[in-house]
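One file, my_file_16.cif, is given below (mmCIF, C-alpha atoms and all ligand atoms).
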data_coords
loop_
_atom_site.label_atom_id
_atom_site.label_comp_id
_atom_site.auth_asym_id
_atom_site.auth_seq_id
_atom_site.Cartn_x
_atom_site.Cartn_y
_atom_site.Cartn_z
CA MET A 1 116.75 109.10 138.22
CA LEU A 2 119.67 108.51 135.86
CA GLY A 3 118.11 106.26 133.18
CA ASN A 4 119.53 105.06 129.86
CA THR A 5 118.46 108.07 127.80
CA THR A 6 120.01 110.30 130.40
CA ARG A 7 123.21 108.28 130.35
CA THR A 8 123.54 108.69 126.59
CA PHE A 9 122.89 112.40 126.95
CA LEU A 10 125.51 112.66 129.67
CA LEU A 11 128.14 110.88 127.67
CA ARG A 12 127.58 113.38 124.88
CA THR A 13 127.75 116.43 127.09
CA ALA A 14 130.30 115.42 129.71
CA ASN A 15 133.54 117.34 129.83
CA SER A 16 136.22 115.30 128.11
CA GLN A 17 139.17 116.61 130.09
CA ILE A 18 139.27 113.81 132.64
CA LYS A 19 139.32 110.07 132.25
CA ARG A 20 135.93 108.56 132.94
CA ASP A 21 134.19 105.26 133.10
CA LEU A 22 132.10 105.54 129.93
CA HIS A 23 129.30 103.49 131.45
CA LYS A 24 128.62 106.04 134.15
CA PRO A 25 126.74 109.32 133.81
CA PHE A 26 128.70 112.43 134.71
CA VAL A 27 127.67 115.29 136.98
CA ARG A 28 129.90 118.37 136.99
CA ILE A 29 130.39 120.05 140.35
CA ILE A 30 131.15 123.74 140.77
CA GLU A 31 132.93 124.20 144.08
CA VAL A 32 131.94 127.60 145.49
CA GLY A 33 133.41 127.23 149.00
CA PRO A 34 136.28 129.70 148.62
CA ARG A 35 133.84 132.41 147.43
CA ASP A 36 130.27 131.72 148.62
CA GLY A 37 131.60 129.83 151.63
CA LEU A 38 134.18 132.23 152.92
CA GLN A 39 132.32 135.47 152.05
CA ASN A 40 130.02 134.81 154.98
CA GLU A 41 132.79 134.27 157.54
CA PRO A 42 132.87 137.17 160.00
CA VAL A 43 136.54 136.78 160.96
CA HIS A 44 139.11 137.48 158.26
CA VAL A 45 140.71 134.36 156.89
CA PRO A 46 144.34 135.06 155.90
CA ALA A 47 145.03 134.96 152.16
CA ASP A 48 147.64 132.19 152.62
CA VAL A 49 145.03 129.95 154.24
CA LYS A 50 142.65 130.58 151.33
CA VAL A 51 145.44 129.77 148.88
CA GLU A 52 146.28 126.50 150.64
CA PHE A 53 142.58 125.65 150.80
CA ILE A 54 142.10 126.24 147.06
CA ASN A 55 145.28 124.31 146.24
CA LYS A 56 143.92 121.35 148.19
CA LEU A 57 140.60 121.59 146.31
CA SER A 58 142.53 121.65 143.02
CA GLU A 59 143.97 118.24 143.88
CA THR A 60 140.57 116.59 144.41
CA GLY A 61 139.61 116.24 140.75
CA LEU A 62 137.13 119.14 140.79
CA GLN A 63 137.04 120.87 137.43
CA ASN A 64 135.50 124.18 138.49
CA ILE A 65 136.35 126.23 141.55
CA GLU A 66 134.95 129.70 142.18
CA VAL A 67 137.92 131.13 143.99
CA THR A 68 136.96 134.66 145.03
CA SER A 69 134.90 137.69 144.09
CA PHE A 70 135.87 141.13 142.82
CA VAL A 71 133.09 142.94 144.66
CA SER A 72 133.41 146.10 146.72
CA PRO A 73 135.60 145.39 149.80
CA LYS A 74 133.37 147.81 151.71
CA TRP A 75 130.50 145.40 151.15
CA ILE A 76 132.37 142.10 151.56
CA PRO A 77 135.66 142.74 153.38
CA GLN A 78 136.46 139.00 153.42
CA MET A 79 137.02 139.09 149.63
CA GLY A 80 139.27 142.16 149.79
CA ASP A 81 142.34 139.99 149.19
CA ASN A 82 141.01 138.78 145.81
CA ILE A 83 144.09 139.80 143.79
CA GLU A 84 146.50 138.14 146.21
CA VAL A 85 144.45 134.93 146.36
CA PHE A 86 143.88 134.72 142.62
CA THR A 87 147.52 135.32 141.74
CA LYS A 88 149.01 133.00 144.40
CA ILE A 89 146.97 129.85 143.80
CA ASN A 90 148.47 127.02 141.74
CA LYS A 91 146.42 126.84 138.58
CA LYS A 92 145.97 123.42 137.05
CA PRO A 93 145.13 123.42 133.33
CA SER A 94 142.27 120.97 133.99
CA VAL A 95 140.52 123.36 136.39
CA SER A 96 138.55 126.52 135.62
CA TYR A 97 139.13 129.12 138.36
CA SER A 98 136.16 131.45 138.07
CA VAL A 99 135.52 134.69 139.96
CA LEU A 100 132.32 136.57 140.75
CA VAL A 101 132.01 140.19 139.56
CA PRO A 102 129.23 142.74 140.25
CA ASN A 103 130.20 145.51 137.82
CA VAL A 104 132.72 146.68 135.20
CA LYS A 105 135.19 147.73 137.89
CA GLY A 106 135.24 144.17 139.23
CA LEU A 107 135.55 142.72 135.73
CA GLU A 108 138.54 144.91 134.90
CA ALA A 109 140.30 143.99 138.15
CA ALA A 110 139.66 140.29 137.52
CA VAL A 111 140.92 140.45 133.95
CA SER A 112 144.02 142.38 135.00
CA VAL A 113 145.15 139.37 137.05
CA GLY A 114 144.33 136.84 134.34
CA ALA A 115 140.83 135.57 135.17
CA LYS A 116 139.47 133.54 132.26
CA GLU A 117 135.99 132.83 133.57
CA ILE A 118 133.71 135.23 135.39
CA ALA A 119 130.34 134.82 137.02
CA VAL A 120 127.67 137.52 137.04
CA PHE A 121 124.69 137.52 139.39
CA ALA A 122 121.16 138.69 138.68
CA THR A 123 118.48 139.21 141.30
CA PRO A 124 114.95 139.59 139.98
CA THR A 125 113.42 140.54 143.35
CA GLU A 126 113.51 144.12 144.55
CA GLY A 127 114.23 143.43 148.23
CA PHE A 128 117.34 141.26 147.87
CA SER A 129 118.64 143.25 144.89
CA ARG A 130 118.67 146.45 146.92
CA LYS A 131 120.22 144.84 150.00
CA ASN A 132 122.88 142.91 148.09
CA THR A 133 123.83 145.30 145.31
CA ASN A 134 122.27 148.64 146.28
CA CYS A 135 120.15 148.87 143.14
CA SER A 136 116.85 147.76 141.61
CA PRO A 137 116.68 144.54 139.58
CA GLU A 138 116.59 146.56 136.32
CA GLU A 139 119.67 148.56 137.29
CA GLY A 140 121.33 145.26 138.20
CA PHE A 141 120.51 143.81 134.77
CA ASN A 142 121.97 146.94 133.17
CA ARG A 143 125.20 146.44 135.12
CA ILE A 144 125.38 142.89 133.79
CA ARG A 145 124.88 144.20 130.24
CA GLU A 146 127.74 146.65 130.80
CA ILE A 147 129.99 143.86 132.11
CA VAL A 148 129.31 141.69 129.07
CA ASP A 149 129.77 144.64 126.66
CA ARG A 150 133.10 145.45 128.30
CA MET A 151 134.10 141.78 128.15
CA LYS A 152 133.42 141.74 124.42
CA SER A 153 135.41 144.92 123.88
CA LEU A 154 138.36 143.35 125.72
CA GLY A 155 138.25 140.56 123.13
CA GLN A 156 139.84 137.95 125.37
CA ASN A 157 137.36 135.15 124.87
CA LEU A 158 136.29 135.13 128.49
CA LYS A 159 133.66 132.68 129.61
CA VAL A 160 130.68 134.05 131.52
CA ARG A 161 128.43 132.10 133.83
CA GLY A 162 125.20 133.57 135.17
CA TYR A 163 123.55 133.21 138.57
CA ILE A 164 119.97 133.96 139.44
CA SER A 165 119.33 134.47 143.14
CA CYS A 166 116.12 133.86 145.04
CA VAL A 167 114.77 131.38 142.48
CA VAL A 168 112.00 130.18 144.74
CA GLY A 169 112.01 132.66 147.60
CA CYS A 170 113.41 136.04 148.55
CA PRO A 171 114.31 136.90 152.16
CA TYR A 172 112.50 140.23 151.77
CA ASP A 173 109.79 139.70 149.13
CA GLY A 174 108.71 136.12 149.89
CA TYR A 175 107.63 133.51 147.31
CA VAL A 176 108.97 134.06 143.79
CA LYS A 177 106.92 133.03 140.76
CA PRO A 178 108.57 130.73 138.19
CA LYS A 179 107.84 133.15 135.30
CA LEU A 180 110.10 135.77 136.86
CA ILE A 181 112.99 133.28 136.98
CA THR A 182 112.37 132.14 133.42
CA SER A 183 112.47 135.70 132.07
CA THR A 184 115.67 136.40 134.03
CA CYS A 185 117.22 133.24 132.67
CA GLU A 186 116.27 134.27 129.14
CA PHE A 187 118.01 137.59 129.69
CA LEU A 188 121.23 135.88 130.89
CA LEU A 189 121.28 133.29 128.10
CA ASN A 190 120.61 135.93 125.44
CA LEU A 191 123.55 137.93 126.78
CA GLY A 192 125.82 134.94 126.23
CA CYS A 193 126.05 133.15 129.58
CA TYR A 194 127.08 129.60 128.76
CA GLU A 195 125.17 128.30 131.77
CA VAL A 196 122.75 129.72 134.35
CA SER A 197 122.96 128.62 137.95
CA LEU A 198 119.67 128.67 139.85
CA GLY A 199 120.29 129.93 143.36
CA ASP A 200 118.02 129.05 146.23
CA THR A 201 119.78 131.74 148.23
CA ILE A 202 118.03 131.11 151.53
CA GLY A 203 117.32 127.42 151.08
CA VAL A 204 113.53 127.70 151.33
CA GLY A 205 112.82 125.58 148.26
CA THR A 206 111.04 122.25 148.46
CA LYS A 207 110.63 119.53 145.86
CA SER A 208 107.37 121.09 144.64
CA THR A 209 108.55 124.71 144.35
CA VAL A 210 111.83 123.67 142.70
CA GLU A 211 109.93 121.43 140.30
CA ALA A 212 107.50 124.21 139.35
CA MET A 213 110.42 126.56 138.69
CA LEU A 214 112.28 123.99 136.56
CA LYS A 215 109.22 123.01 134.54
CA ASP A 216 108.68 126.60 133.51
CA LEU A 217 112.37 127.07 132.67
CA LEU A 218 112.44 123.95 130.54
CA LYS A 219 109.87 125.55 128.22
CA LEU A 220 112.55 128.16 127.52
CA THR A 221 115.75 126.18 127.39
CA VAL A 222 117.37 122.76 127.64
CA ALA A 223 118.58 121.32 130.92
CA ASP A 224 122.24 121.39 129.92
CA LYS A 225 122.15 125.20 130.09
CA LEU A 226 121.17 125.03 133.76
CA ALA A 227 122.88 124.39 137.08
CA ILE A 228 121.42 124.21 140.57
CA HIS A 229 122.79 126.09 143.59
CA CYS A 230 121.13 125.14 146.86
CA HIS A 231 121.74 126.62 150.26
CA ASP A 232 120.73 124.11 152.89
CA THR A 233 119.00 126.23 155.52
CA TYR A 234 115.98 123.93 155.79
CA GLY A 235 117.79 120.67 155.02
CA GLN A 236 116.13 120.41 151.59
CA ALA A 237 119.22 120.81 149.40
CA LEU A 238 119.87 117.16 148.47
CA VAL A 239 116.18 116.54 147.74
CA ASN A 240 116.06 119.66 145.59
CA ILE A 241 119.22 118.61 143.76
CA CYS A 242 117.67 115.18 143.08
CA THR A 243 114.64 116.98 141.70
CA ALA A 244 116.91 118.95 139.37
CA LEU A 245 118.70 115.72 138.32
CA ASP A 246 115.30 114.20 137.55
CA HIS A 247 114.70 117.12 135.19
CA GLY A 248 118.01 116.60 133.40
CA VAL A 249 120.22 119.13 135.18
CA ARG A 250 123.80 117.81 135.35
CA VAL A 251 125.71 120.69 136.96
CA VAL A 252 125.52 121.28 140.70
CA ASP A 253 127.12 124.02 142.82
CA SER A 254 128.25 123.10 146.31
CA SER A 255 130.58 124.17 149.05
CA VAL A 256 133.01 121.91 150.85
CA SER A 257 132.17 121.46 154.52
CA GLY A 258 128.83 123.20 153.85
CA LEU A 259 130.37 126.64 154.19
CA GLY A 260 128.48 129.59 152.89
CA GLY A 261 125.76 132.12 152.86
CA CYS A 262 125.32 135.72 151.94
CA PRO A 263 125.67 138.47 154.55
CA TYR A 264 122.87 140.39 152.80
CA ALA A 265 120.37 137.52 152.76
CA VAL A 266 118.81 137.17 156.19
CA GLY A 267 118.58 133.49 157.09
CA ALA A 268 120.98 132.23 154.43
CA THR A 269 123.16 129.43 155.75
CA GLY A 270 125.72 127.31 153.93
CA ASN A 271 125.47 125.65 150.56
CA VAL A 272 124.93 121.93 150.32
CA SER A 273 128.26 120.38 151.30
CA THR A 274 130.37 119.02 148.46
CA GLU A 275 131.25 115.90 150.46
CA ASP A 276 127.54 115.03 150.96
CA LEU A 277 126.80 115.78 147.32
CA VAL A 278 129.65 113.60 146.01
CA TYR A 279 128.67 110.75 148.34
CA MET A 280 125.09 110.93 147.09
CA LEU A 281 126.04 111.16 143.41
CA HIS A 282 128.47 108.23 143.63
CA GLY A 283 125.77 106.27 145.43
CA LEU A 284 123.42 107.00 142.53
CA GLY A 285 125.98 105.56 140.11
CA ALA A 286 127.05 108.91 138.70
CA GLU A 287 130.62 109.95 138.18
CA THR A 288 132.00 113.29 139.36
CA GLY A 289 135.75 112.91 138.86
CA VAL A 290 136.14 113.89 142.51
CA ASP A 291 138.19 111.92 145.03
CA LEU A 292 136.01 111.89 148.15
CA LYS A 293 138.92 111.23 150.51
CA LYS A 294 140.88 114.25 149.28
CA LEU A 295 137.71 116.34 149.47
CA ILE A 296 137.16 115.30 153.07
CA ASP A 297 140.72 116.33 153.84
CA ALA A 298 140.14 119.77 152.25
CA GLY A 299 136.89 120.18 154.21
CA HIS A 300 138.60 119.21 157.45
CA PHE A 301 141.45 121.64 156.74
CA ILE A 302 139.19 124.67 156.30
CA SER A 303 136.94 123.74 159.25
CA GLU A 304 140.01 123.59 161.51
CA LYS A 305 141.27 126.93 160.22
CA LEU A 306 137.83 128.46 160.86
CA ASN A 307 137.79 126.80 164.25
CA LYS A 308 134.35 125.30 163.81
CA PRO A 309 132.91 121.85 163.22
CA THR A 310 132.18 120.82 159.67
CA ASP A 311 128.61 121.10 158.42
CA SER A 312 129.10 118.03 156.22
CA ARG A 313 127.48 114.87 157.55
CA VAL A 314 129.70 112.74 155.30
CA ASN A 315 132.84 114.48 156.52
CA LYS A 316 131.78 113.83 160.14
CA ALA A 317 131.10 110.19 159.34
CA LEU A 318 134.21 109.45 157.29
CA TYR A 319 137.07 111.65 158.47
CA LYS A 320 138.16 109.33 161.31
CA LYS A 321 137.83 106.30 159.06
CA TYR A 322 140.05 107.81 156.39
CA PHE A 323 142.66 109.66 158.49
P1 LIG B 1 127.74 150.76 145.82
O1 LIG B 1 128.22 151.20 147.18
O2 LIG B 1 126.39 151.19 145.40
O3 LIG B 1 128.78 151.12 144.66
O4 LIG B 1 127.86 149.18 145.77
P2 LIG B 1 129.51 152.43 144.22
O5 LIG B 1 129.68 152.32 142.75
O6 LIG B 1 128.83 153.64 144.79
O7 LIG B 1 130.96 152.28 144.88
C1 LIG B 1 131.16 152.39 146.28
C2 LIG B 1 132.62 152.14 146.56
O8 LIG B 1 132.95 150.79 146.26
C3 LIG B 1 133.56 152.99 145.69
O9 LIG B 1 134.73 153.23 146.45
C4 LIG B 1 133.88 152.08 144.54
O10 LIG B 1 135.10 152.39 143.91
C5 LIG B 1 133.97 150.74 145.24
P3 LIG B 1 135.04 154.67 147.09
O11 LIG B 1 135.03 155.63 145.93
O12 LIG B 1 133.92 154.92 148.07
O13 LIG B 1 136.38 154.49 147.74
N1 LIG B 1 133.69 149.64 144.34
C6 LIG B 1 134.49 148.58 144.15
N2 LIG B 1 135.69 148.27 144.68
C7 LIG B 1 136.26 147.12 144.26
N3 LIG B 1 135.69 146.29 143.38
C8 LIG B 1 134.48 146.58 142.84
C9 LIG B 1 133.83 147.76 143.23
N4 LIG B 1 132.67 148.34 142.90
C10 LIG B 1 132.59 149.47 143.58
N5 LIG B 1 133.92 145.73 141.97
C11 LIG B 1 128.20 147.12 144.59
C12 LIG B 1 127.45 148.44 144.63
C13 LIG B 1 127.51 146.24 143.57
C14 LIG B 1 129.64 147.40 144.17
C15 LIG B 1 128.16 146.48 146.00
O14 LIG B 1 126.84 146.45 146.43
C16 LIG B 1 128.73 145.09 146.02
O15 LIG B 1 129.93 144.92 145.85
N6 LIG B 1 127.87 144.09 146.28
C17 LIG B 1 128.30 142.69 146.27
C18 LIG B 1 127.70 141.98 147.45
C19 LIG B 1 128.13 140.54 147.39
O16 LIG B 1 129.24 140.21 147.05
N7 LIG B 1 127.19 139.64 147.78
C20 LIG B 1 127.46 138.22 147.77
C21 LIG B 1 127.59 137.65 146.40
S1 LIG B 1 126.05 137.26 145.65
C22 LIG B 1 125.64 135.70 146.34
O17 LIG B 1 126.27 135.26 147.25
C23 LIG B 1 124.51 134.92 145.70
C24 LIG B 1 125.01 133.69 144.90
O18 LIG B 1 125.80 132.84 145.70
C25 LIG B 1 123.81 132.91 144.35
C26 LIG B 1 122.75 132.61 145.41
O19 LIG B 1 123.08 131.93 146.42
O20 LIG B 1 121.64 133.06 145.21
C27 LIG B 1 125.86 134.15 143.71
MG MG B 2 125.00 131.32 147.06
#

As structure tokens - that is how I would like this structure written.
Amino acid sequence: MLGNTTRTFLLRTANSQIKRDLHKPFVRIIEVGPRDGLQNEPVHVPADVKVEFINKLSETGLQNIEVTSFVSPKWIPQMGDNIEVFTKINKKPSVSYSVLVPNVKGLEAAVSVGAKEIAVFATPTEGFSRKNTNCSPEEGFNRIREIVDRMKSLGQNLKVRGYISCVVGCPYDGYVKPKLITSTCEFLLNLGCYEVSLGDTIGVGTKSTVEAMLKDLLKLTVADKLAIHCHDTYGQALVNICTALDHGVRVVDSSVSGLGGCPYAVGATGNVSTEDLVYMLHGLGAETGVDLKKLIDAGHFISEKLNKPTDSRVNKALYKKYF
């Protein structure tokens, strides 16, 4: 899965900000728990709890944390405290604190509080696009163009990451053909996204559908432009992530404690848990820069605050051993 050629490739592409064992391949993790995880929580989580949660995540060695979204608070009330959360968190220079934005209004609010990296999200299927963003896919793509144009006119050298939702299945339109994902990815890369994250929004993907999607994408671009973002509704996330690793993908999104989902995607449960992902990657001989014990502590903290058991198998297995 992580052979010699891959190792050489990883050493070339790995982020140089943290100290690493140069004999081990590196997989970068994007922690989306504070955004994708908490956006689906029905009861409001106080901003101070979110800040403490993100500060704990910052201490784990993660290099990328998606901390909130600047979407309409009428649509996602849980993210209505975005300014307070973004401004109160301790920002370590080694961590990129990205935020999700749906339109120019969200971009301008994010920039006004100092966001340096934003994420845009494209949905190529009609059903989910309308439910999640109240527009057709084409209108959604136009909004993304407007965001990027506005970003350029602001001239602040912002980084932009792209998401594609429903990469193998849409909760409303069913199976999604690989060609549709490839053309959406081309659109995002041409706009200037430095990386495109492939979202299995409702976790319906299997090894074969994920493989078919990746094979088509790899005719368009190289694997180091891609990330994988698996919700774990059907328990396929780790298998699908391994499939992506096999195809050279080295960036994986995950959510501590397996939090997550999208209120507008029927059947979407949490992302793959970061604890389970790190355990698996370390077991495969990869390096992540993440301290599993500190991660387990962060996962336990947020599960207690949400008053629910963790969805991470590794957290369940190791918390009592560690603490
Ligand atoms: P709309 O209602 O069509 O927009 O929503 P609008 O332009 O008519 O505005 C309605 C109201 O919202 C107005 O306020 C706007 O000012 C306000 P009013 O005049 O009525 O008082 N508004 C905003 N306020 C703050 N920040 C903003 C903003 N924009 C408008 N940025 C819209 C369209 C896109 C805004 C809405 O549908 C929306 O916010 N959707 C986001 C839904 C969302 O966050 N979903 C979850 C994230 S995506 C995801 O989870 C998938 C992912 O994880 C990958 C995967 O798993 O596949 C990324
Ligand atoms: Mg998601």

Legend entry - Surrounding residues of Leu306 of chain A excluding itself and chain neighbours under 6 positions, 10 Å, only C-alpha atoms, as a PyMOL selection string: chain A and resi 38+41+43-45+49+300

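Using all atoms listed in the file for every distance, the candidate list A:Asp200, A:Glu211, A:Glu126, A:Glu146 yields A:Asp200 as the residue closest to Asp253 of chain A.
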
Report as a tab-separated table: every residue of chain A with an atom at most 6 Å from ligand LIG 1 (chain B), its closest pair of atoms, and their distance in Å to one decimal, counting all atoms listed in the file, with rows sorted by chain and ascending residue number.
residue	atom	partner	partner_atom	distance
A:Asp36	CA	B:LIG1	O18	5.5
A:Phe70	CA	B:LIG1	N5	5.1
A:Val71	CA	B:LIG1	O15	3.9
A:Ser72	CA	B:LIG1	C6	3.7
A:Pro73	CA	B:LIG1	C7	5.8
A:Trp75	CA	B:LIG1	O15	5.4
A:Ile76	CA	B:LIG1	O16	5.8
A:Pro102	CA	B:LIG1	C13	5.1
A:Asn103	CA	B:LIG1	N5	5.6
A:Lys105	CA	B:LIG1	N5	4.7
A:Gly106	CA	B:LIG1	N5	3.4
A:Phe121	CA	B:LIG1	C27	5.6
A:Asn132	CA	B:LIG1	C18	5.0
A:Thr133	CA	B:LIG1	O14	3.4
A:Asn134	CA	B:LIG1	O2	4.9
A:Tyr163	CA	B:LIG1	C27	5.7
A:Ser165	CA	B:LIG1	O20	3.4
A:Cys166	CA	B:LIG1	O20	5.6
A:Gly199	CA	B:LIG1	O20	3.9
A:Asp200	CA	B:LIG1	O20	5.5
A:Thr201	CA	B:LIG1	O19	3.8
A:Cys262	CA	B:LIG1	O17	4.8

Selection above as a file: C-alpha atoms, as a short mmCIF file (atom, residue, chain, number, x, y, z; two decimals), keeping the file's coordinate frame:
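Result went into again17.cif, see below:
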data_model
loop_
_atom_site.label_atom_id
_atom_site.label_comp_id
_atom_site.auth_asym_id
_atom_site.auth_seq_id
_atom_site.Cartn_x
_atom_site.Cartn_y
_atom_site.Cartn_z
CA ASP A 36 130.27 131.72 148.62
CA PHE A 70 135.87 141.13 142.82
CA VAL A 71 133.09 142.94 144.66
CA SER A 72 133.41 146.10 146.72
CA PRO A 73 135.60 145.39 149.80
CA TRP A 75 130.50 145.40 151.15
CA ILE A 76 132.37 142.10 151.56
CA PRO A 102 129.23 142.74 140.25
CA ASN A 103 130.20 145.51 137.82
CA LYS A 105 135.19 147.73 137.89
CA GLY A 106 135.24 144.17 139.23
CA PHE A 121 124.69 137.52 139.39
CA ASN A 132 122.88 142.91 148.09
CA THR A 133 123.83 145.30 145.31
CA ASN A 134 122.27 148.64 146.28
CA TYR A 163 123.55 133.21 138.57
CA SER A 165 119.33 134.47 143.14
CA CYS A 166 116.12 133.86 145.04
CA GLY A 199 120.29 129.93 143.36
CA ASP A 200 118.02 129.05 146.23
CA THR A 201 119.78 131.74 148.23
CA CYS A 262 125.32 135.72 151.94
#

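Across the structure, atom CA of Leu100 of chain A and atom CA of Ile144 of chain A are spaced 11.7 Å apart.
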
Legend entry - Coordinates-based distance that separates atom CA of Thr68 of chain A from atom CA of Arg35 of chain A (Å, one decimal):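 For atom CA of Arg35 of chain A relative to atom CA of Thr68 of chain A, the distance reads 4.5 Å.
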
Inset, instruction - Anything within 9 Å of (110.9, 124.6, 146.8): list those residues as a PyMOL selection string, counting only C-alpha atoms and sticking to the file's coordinates. - result: chain A and resi 167-169+200+203-213+236+240

Inset, instruction - In Å, rounded to a single decimal, give me how far atom CA of Pro178 of chain A is from atom CA of Leu217 of chain A. - result: 7.6 Å

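When only C-alpha atoms are used to compute distances to Tyr97 of chain A, the closest of the residues A:Gly155, A:Ile147, A:Val32, A:Asp81 turns out to be A:Val32.
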
Inset, instruction - Pick out the closest residue to ligand MG 2 (chain B) from this set: A:Ser255, A:Asn157, A:Thr182, A:Ser312. Count all atoms listed in the file. - result: A:Ser255

Legend entry - Among the residues A:Ser257, A:Ser136, A:Thr269, A:Thr310, the one that comes closest to ligand MG 2 (chain B) [using all atoms listed in the file]: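 Once distances to ligand MG 2 (chain B) are computed over all atoms listed in the file, the minimum belongs to A:Thr269.
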
Legend entry - Residues within 12 Å of (129.7, 124.5, 150.8), counting all atoms listed in the file, listed as a PyMOL selection string: chain A and resi 29-40+65-66+229-233+237+252-261+269-278+295+298-299+302-303+310-313+315

Inset, instruction - Compare A:Gly289, A:Ala47, A:Thr184, A:Val113 by their minimum atom-to-atom distance to Glu138 of chain A, counting only C-alpha atoms, and give me the closest one. - result: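 Looking at the shortest contact to Glu138 of chain A, the residue is A:Thr184.
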
Inset, instruction - Point out the residue among A:Val196, A:Met79, A:Ile202, A:Leu281 with the least atom-to-atom distance to Gly162 of chain A, counting only C-alpha atoms. - result: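 Looking only at the distances to Gly162 of chain A, the closest residue turns out to be A:Val196.
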